[in-house]
Amino acid sequence: MANTRDPELVILLNSIAISCKLISSAVSRAGVAKLYGLAGEVNSTGDDQKKLDVLSNDMMINALVHSGVCSVLVSEENEEPIIVPAERRGKFCVAFDPLDGSSNIDCNVSVGTIFSVYEKKPGSDGTVLDLLRSGEECLCAGYCCYSSATELVFSFKGKDVFGFCLDPTIGEFVLTRPQMKIPSDGGKRIYSCNEGNIIHWDQPIKDAVEAFKTSEKPYAARYVGSMVADIHRTILYGGIYLYPADAKSTKGKLRMLYEGIPMAMIIEQSGGIASTGMFKGKIQRILDLVPDEIHCKCPIIMGGARDVQIVFDQYIKAGIDAPKLL
């Protein structure tokens with residue numbers, strides 16, 4: 001991180017890393033510390049909050065507010081943005097999901113943290129408008145996966161993707177995955193989606209999933225239900241992850257600012273494709289989207305070019321303009 005030539009950015013990433021260590025510890029102790037179960041509240045999007053959601057959120061907010069380099073924070077767990085007090089205010093704005101996939105936590109399934117970092121606009125004192133910007137302006141993005149090991153993955157704009165594993169014997173993240181890349185040949189034939197929603201999908205998405213199942217070499221279905229775990233596997237093994245818009249959720253279900261944009265940046269900079277599929281009448285690139293409010297949503301189709309092209313081909317057959325990747 002010293003190579004960033006920005007000491008404030010180093011401080012920010014260290015604060016995020018400390019948060020991830022604390023969350024990792026809480027997740028690993030959840031059973032004995034009686035942290036399973038609901039907290040009795042709902043978050044900004046109406047989902048029931050788990051005890052670990054609340055604890056993880058408090059850890060992230062506390063670390064970032066006291067880092068001295070942040071001005072605005074947006075969390076999935078808070079309906080309103082958090083404006084850092086003037087005496088602690090810095091130049092960065094951070095959006096995060098402190099514990100993605102927490103509906104799985106009580107059955108010990110992988111969960112994670114996702115974050116995106118923006119720099120406030122020149123002359124701004126730090127407002128929510130500093131975050132409501134295109135993914136192209138995202139300075140840094142990453143995620144942390146809490147599973148059999150704790151892995152922190154992040155990238156700076158236009159740079160390679162790096163993965164660090166938490167070594168519990170020294171309490172530090174160690175570089176273990178330099179220059180992470182989706183397999184250039186597409187890798188394993190895996191599709192990942194919640195087929196329980198198939199009745200609500202548009203026809204090209206239904207046709208694409210059917211094409212995965214009935215190809216000469218049929219694809220395997222792998223769906224964890226924690227975005228961090230599914231995307232992490234997609235980067236390492238190959239394949240495709242889909243959470244499309246549908247008749248029930250016309251704008252998709254995943255949040256743009258702290259799920260769609262940061263994961264799109266990681267996917268693209270590891271050599272993959274991050275598309276919305278059909279969204280607002282056309283096929284769009286996620287990083288071209290501009291959020292209109294902090295908790296707005298977007299559909300997601302992410303993976304290697306080989307597999308995303310299969311989805312695009314179904315849209316082309318339906319008479320809809322879609323990119324040709326291969």
# chains A, B, ... in the order shown; residues from 1 in each chain; ligands from 1
>>> closest_atom_pairs(of="region 1-23 of chain A", to="region 170-184 of chain A", cutoff="12 Å", atoms="only C-alpha atoms", output="CSV")
residue,atom,partner,partner_atom,distance
A:Met1,CA,A:Leu175,CA,11.3
A:Leu13,CA,A:Phe173,CA,11.7
A:Asn14,CA,A:Phe173,CA,10.3
A:Ile16,CA,A:Phe173,CA,11.7
A:Ala17,CA,A:Phe173,CA,8.0
A:Ile18,CA,A:Glu172,CA,9.2
A:Cys20,CA,A:Phe173,CA,10.0
A:Lys21,CA,A:Gly171,CA,7.9
A:Leu22,CA,A:Gly171,CA,10.4
>>> select_by_dssp(residues="region 1-124 of chain A", states="helix (DSSP H, G or I)", output="JSON, numbers by chain")
{"A": [2, 3, 4, 7, 8, 9, 10, 11, 12, 13, 14, 15, 16, 17, 18, 19, 20, 21, 22, 23, 24, 25, 26, 27, 28, 51, 52, 53, 54, 55, 56, 57, 58, 59, 60, 61, 62, 63, 64, 65, 86, 87, 88, 102, 103, 104, 105, 106, 107]}
>>> residues_around(residues="Glu137 (chain A)", least_positions_apart="6", cutoff="9 Å", atoms="only C-alpha atoms", output="NGL selection string")
:A and (118-119 or 157 or 287)
>>> write_last_selection(atoms="C-alpha atoms", output="compact mmCIF listing (two decimals), in the first residue's frame")
# COMPACT_ATOMS: atom_id res chain seq x y z
CA TYR A 118 -14.72 7.75 -3.63
CA GLU A 119 -12.84 11.00 -3.13
CA LYS A 157 -8.98 2.14 -10.20
CA LEU A 287 -19.65 0.93 -14.04
>>> residues_around(residues="region 185-196 of chain A", least_positions_apart="4", cutoff="6 Å", atoms="only C-alpha atoms", output="VMD selection string")
chain A and resid 219 to 223 237 to 242 304 306
>>> write_last_selection(atoms="C-alpha atoms", output="JSON list (two decimals), in the first residue's frame")
[["chain", "number", "residue", "atom", "x", "y", "z"],
["A", 219, "TYR", "CA", -22.61, -26.36, -16.64],
["A", 220, "ALA", "CA", -22.70, -27.10, -12.92],
["A", 221, "ALA", "CA", -25.02, -25.04, -10.70],
["A", 222, "ARG", "CA", -23.34, -23.42, -7.68],
["A", 223, "TYR", "CA", -25.23, -20.82, -5.66],
["A", 237, "TYR", "CA", -12.70, -20.74, -10.90],
["A", 238, "GLY", "CA", -14.51, -18.98, -13.74],
["A", 239, "GLY", "CA", -18.17, -19.15, -14.71],
["A", 240, "ILE", "CA", -20.96, -16.61, -14.35],
["A", 241, "TYR", "CA", -23.03, -15.03, -11.57],
["A", 242, "LEU", "CA", -26.50, -13.70, -12.30],
["A", 304, "GLY", "CA", -15.94, -14.34, -17.89],
["A", 306, "ARG", "CA", -17.29, -16.78, -22.61]]
>>> atom_distance(atom1="CA of Gly277 (chain A)", atom2="CA of Ile235 (chain A)")
19.2 Å
>>> select_by_dssp(residues="region 112-188 of chain A", states="strand (DSSP E)", output="ChimeraX atom specification")
/A:112-119,140-146,150-156,161-167,172-177
>>> write_last_selection(atoms="N, CA and C atoms", output="tab-separated table (two decimals), in the first residue's frame")
chain	number	residue	atom	x	y	z
A	112	GLY	N	-19.62	-11.94	4.00
A	112	GLY	CA	-18.53	-11.05	3.64
A	112	GLY	C	-18.86	-9.59	3.83
A	113	THR	N	-17.86	-8.74	3.61
A	113	THR	CA	-17.97	-7.29	3.64
A	113	THR	C	-17.63	-6.77	2.25
A	114	ILE	N	-18.38	-5.77	1.78
A	114	ILE	CA	-18.11	-5.16	0.47
A	114	ILE	C	-17.98	-3.65	0.67
A	115	PHE	N	-17.06	-3.01	-0.05
A	115	PHE	CA	-16.90	-1.56	0.09
A	115	PHE	C	-16.46	-0.91	-1.21
A	116	SER	N	-16.84	0.35	-1.36
A	116	SER	CA	-16.35	1.18	-2.46
A	116	SER	C	-15.91	2.52	-1.88
A	117	VAL	N	-14.89	3.11	-2.49
A	117	VAL	CA	-14.29	4.35	-1.98
A	117	VAL	C	-14.28	5.41	-3.08
A	118	TYR	N	-14.77	6.59	-2.74
A	118	TYR	CA	-14.72	7.75	-3.63
A	118	TYR	C	-13.98	8.87	-2.92
A	119	GLU	N	-13.42	9.79	-3.70
A	119	GLU	CA	-12.84	11.00	-3.13
A	119	GLU	C	-13.84	12.13	-3.31
A	140	CYS	N	-11.39	3.05	-5.32
A	140	CYS	CA	-10.92	1.78	-4.79
A	140	CYS	C	-12.15	0.95	-4.41
A	141	ALA	N	-12.06	-0.34	-4.59
A	141	ALA	CA	-13.18	-1.22	-4.23
A	141	ALA	C	-12.63	-2.55	-3.75
A	142	GLY	N	-13.41	-3.23	-2.93
A	142	GLY	CA	-12.96	-4.53	-2.46
A	142	GLY	C	-14.01	-5.26	-1.66
A	143	TYR	N	-13.64	-6.43	-1.22
A	143	TYR	CA	-14.50	-7.23	-0.36
A	143	TYR	C	-13.65	-8.09	0.55
A	144	CYS	N	-14.26	-8.56	1.62
A	144	CYS	CA	-13.60	-9.49	2.53
A	144	CYS	C	-14.53	-10.68	2.71
A	145	CYS	N	-14.00	-11.89	2.54
A	145	CYS	CA	-14.78	-13.12	2.63
A	145	CYS	C	-14.43	-13.84	3.93
A	146	TYR	N	-15.45	-14.12	4.74
A	146	TYR	CA	-15.25	-14.81	6.02
A	146	TYR	C	-15.72	-16.25	5.86
A	150	THR	N	-10.11	-16.11	6.14
A	150	THR	CA	-10.59	-14.75	5.89
A	150	THR	C	-9.71	-14.13	4.82
A	151	GLU	N	-10.32	-13.75	3.70
A	151	GLU	CA	-9.57	-13.20	2.57
A	151	GLU	C	-10.07	-11.80	2.24
A	152	LEU	N	-9.15	-10.86	2.15
A	152	LEU	CA	-9.43	-9.48	1.77
A	152	LEU	C	-8.94	-9.27	0.34
A	153	VAL	N	-9.86	-8.86	-0.54
A	153	VAL	CA	-9.54	-8.66	-1.95
A	153	VAL	C	-9.87	-7.21	-2.31
A	154	PHE	N	-8.93	-6.51	-2.93
A	154	PHE	CA	-9.25	-5.15	-3.34
A	154	PHE	C	-8.42	-4.73	-4.55
A	155	SER	N	-8.84	-3.61	-5.14
A	155	SER	CA	-8.14	-3.07	-6.29
A	155	SER	C	-8.32	-1.56	-6.32
A	156	PHE	N	-7.32	-0.86	-6.83
A	156	PHE	CA	-7.43	0.57	-7.10
A	156	PHE	C	-7.88	0.75	-8.55
A	161	VAL	N	-5.95	-6.69	-9.34
A	161	VAL	CA	-6.69	-7.12	-8.16
A	161	VAL	C	-5.78	-8.00	-7.31
A	162	PHE	N	-5.75	-7.73	-6.00
A	162	PHE	CA	-4.87	-8.47	-5.10
A	162	PHE	C	-5.69	-9.09	-3.97
A	163	GLY	N	-5.29	-10.28	-3.55
A	163	GLY	CA	-5.96	-10.98	-2.47
A	163	GLY	C	-5.01	-11.23	-1.31
A	164	PHE	N	-5.49	-10.96	-0.09
A	164	PHE	CA	-4.70	-11.12	1.12
A	164	PHE	C	-5.44	-12.06	2.07
A	165	CYS	N	-4.72	-13.00	2.66
A	165	CYS	CA	-5.31	-13.94	3.61
A	165	CYS	C	-4.90	-13.56	5.03
A	166	LEU	N	-5.87	-13.56	5.93
A	166	LEU	CA	-5.57	-13.23	7.32
A	166	LEU	C	-4.87	-14.41	8.00
A	167	ASP	N	-3.65	-14.17	8.45
A	167	ASP	CA	-2.89	-15.18	9.18
A	167	ASP	C	-3.22	-15.02	10.67
A	172	GLU	N	-2.30	-10.56	10.92
A	172	GLU	CA	-2.09	-9.66	9.79
A	172	GLU	C	-2.54	-10.30	8.49
A	173	PHE	N	-2.94	-9.44	7.52
A	173	PHE	CA	-3.26	-9.92	6.18
A	173	PHE	C	-1.97	-10.09	5.39
A	174	VAL	N	-1.82	-11.26	4.77
A	174	VAL	CA	-0.62	-11.59	4.01
A	174	VAL	C	-1.00	-11.76	2.54
A	175	LEU	N	-0.21	-11.17	1.65
A	175	LEU	CA	-0.50	-11.28	0.23
A	175	LEU	C	-0.37	-12.73	-0.23
A	176	THR	N	-1.48	-13.29	-0.71
A	176	THR	CA	-1.49	-14.69	-1.15
A	176	THR	C	-1.96	-14.86	-2.59
A	177	ARG	N	-2.64	-13.84	-3.12
A	177	ARG	CA	-3.16	-13.94	-4.48
A	177	ARG	C	-2.79	-12.66	-5.26
>>> atom_distance(atom1="CA of Pro291 (chain A)", atom2="CA of Tyr258 (chain A)")
10.6 Å
>>> closest_residue(among="A:Ile105, A:Ile83, A:Ile283, A:Val209", to="Ser226 (chain A)", atoms="only C-alpha atoms")
A:Ile105
>>> residues_around(residues="Ser249 (chain A)", least_positions_apart="5", cutoff="12 Å", atoms="only C-alpha atoms", output="list in words")
Asn197, His200, Trp201, Asp202, Tyr243, Pro244, Leu254, Phe279, Cys296, Lys297, Cys298 and Pro299 of chain A
>>> closest_residue(among="A:Leu289, A:Ile294, A:Leu326, A:Ile266", to="Val94 (chain A)", atoms="only C-alpha atoms")
A:Ile294
>>> closest_residue(among="A:Lys282, A:Arg5, A:Lys213, A:Lys91", to="Leu131 (chain A)", atoms="only C-alpha atoms")
A:Lys91
>>> atom_distance(atom1="CA of Ser148 (chain A)", atom2="CA of Met60 (chain A)")
21.8 Å
>>> closest_atom_pairs(of="region 76-172 of chain A", to="region 61-65 of chain A", cutoff="12 Å", atoms="only C-alpha atoms", output="Markdown table")
| residue | atom | partner | partner_atom | distance |
| --- | --- | --- | --- | --- |
| A:Glu76 | CA | A:Ile61 | CA | 11.6 |
| A:Glu77 | CA | A:Ile61 | CA | 10.6 |
| A:Asn78 | CA | A:Ile61 | CA | 10.4 |
| A:Pro81 | CA | A:Ile61 | CA | 11.1 |
| A:Ile82 | CA | A:Ile61 | CA | 8.6 |
| A:Ile83 | CA | A:Val65 | CA | 8.9 |
| A:Val84 | CA | A:Val65 | CA | 6.0 |
| A:Pro85 | CA | A:Val65 | CA | 8.2 |
| A:Ala86 | CA | A:Val65 | CA | 10.6 |
| A:Glu87 | CA | A:Val65 | CA | 10.4 |
| A:Arg88 | CA | A:Val65 | CA | 7.0 |
| A:Arg89 | CA | A:Val65 | CA | 7.9 |
| A:Gly90 | CA | A:Val65 | CA | 9.4 |
| A:Lys91 | CA | A:Val65 | CA | 12.0 |
| A:Phe92 | CA | A:Leu64 | CA | 9.9 |
| A:Cys93 | CA | A:Leu64 | CA | 9.8 |
| A:Val94 | CA | A:Leu64 | CA | 8.5 |
| A:Ala95 | CA | A:Ile61 | CA | 10.5 |
| A:Phe96 | CA | A:Ile61 | CA | 9.7 |
| A:Asp97 | CA | A:Ile61 | CA | 11.1 |
| A:Pro98 | CA | A:Ile61 | CA | 9.2 |
| A:Phe115 | CA | A:Leu64 | CA | 11.8 |
| A:Val117 | CA | A:Leu64 | CA | 11.6 |
>>> closest_residue(among="A:Val74, A:Leu12, A:Ile273, A:Val109", to="Ala229 (chain A)", atoms="only C-alpha atoms")
A:Val109
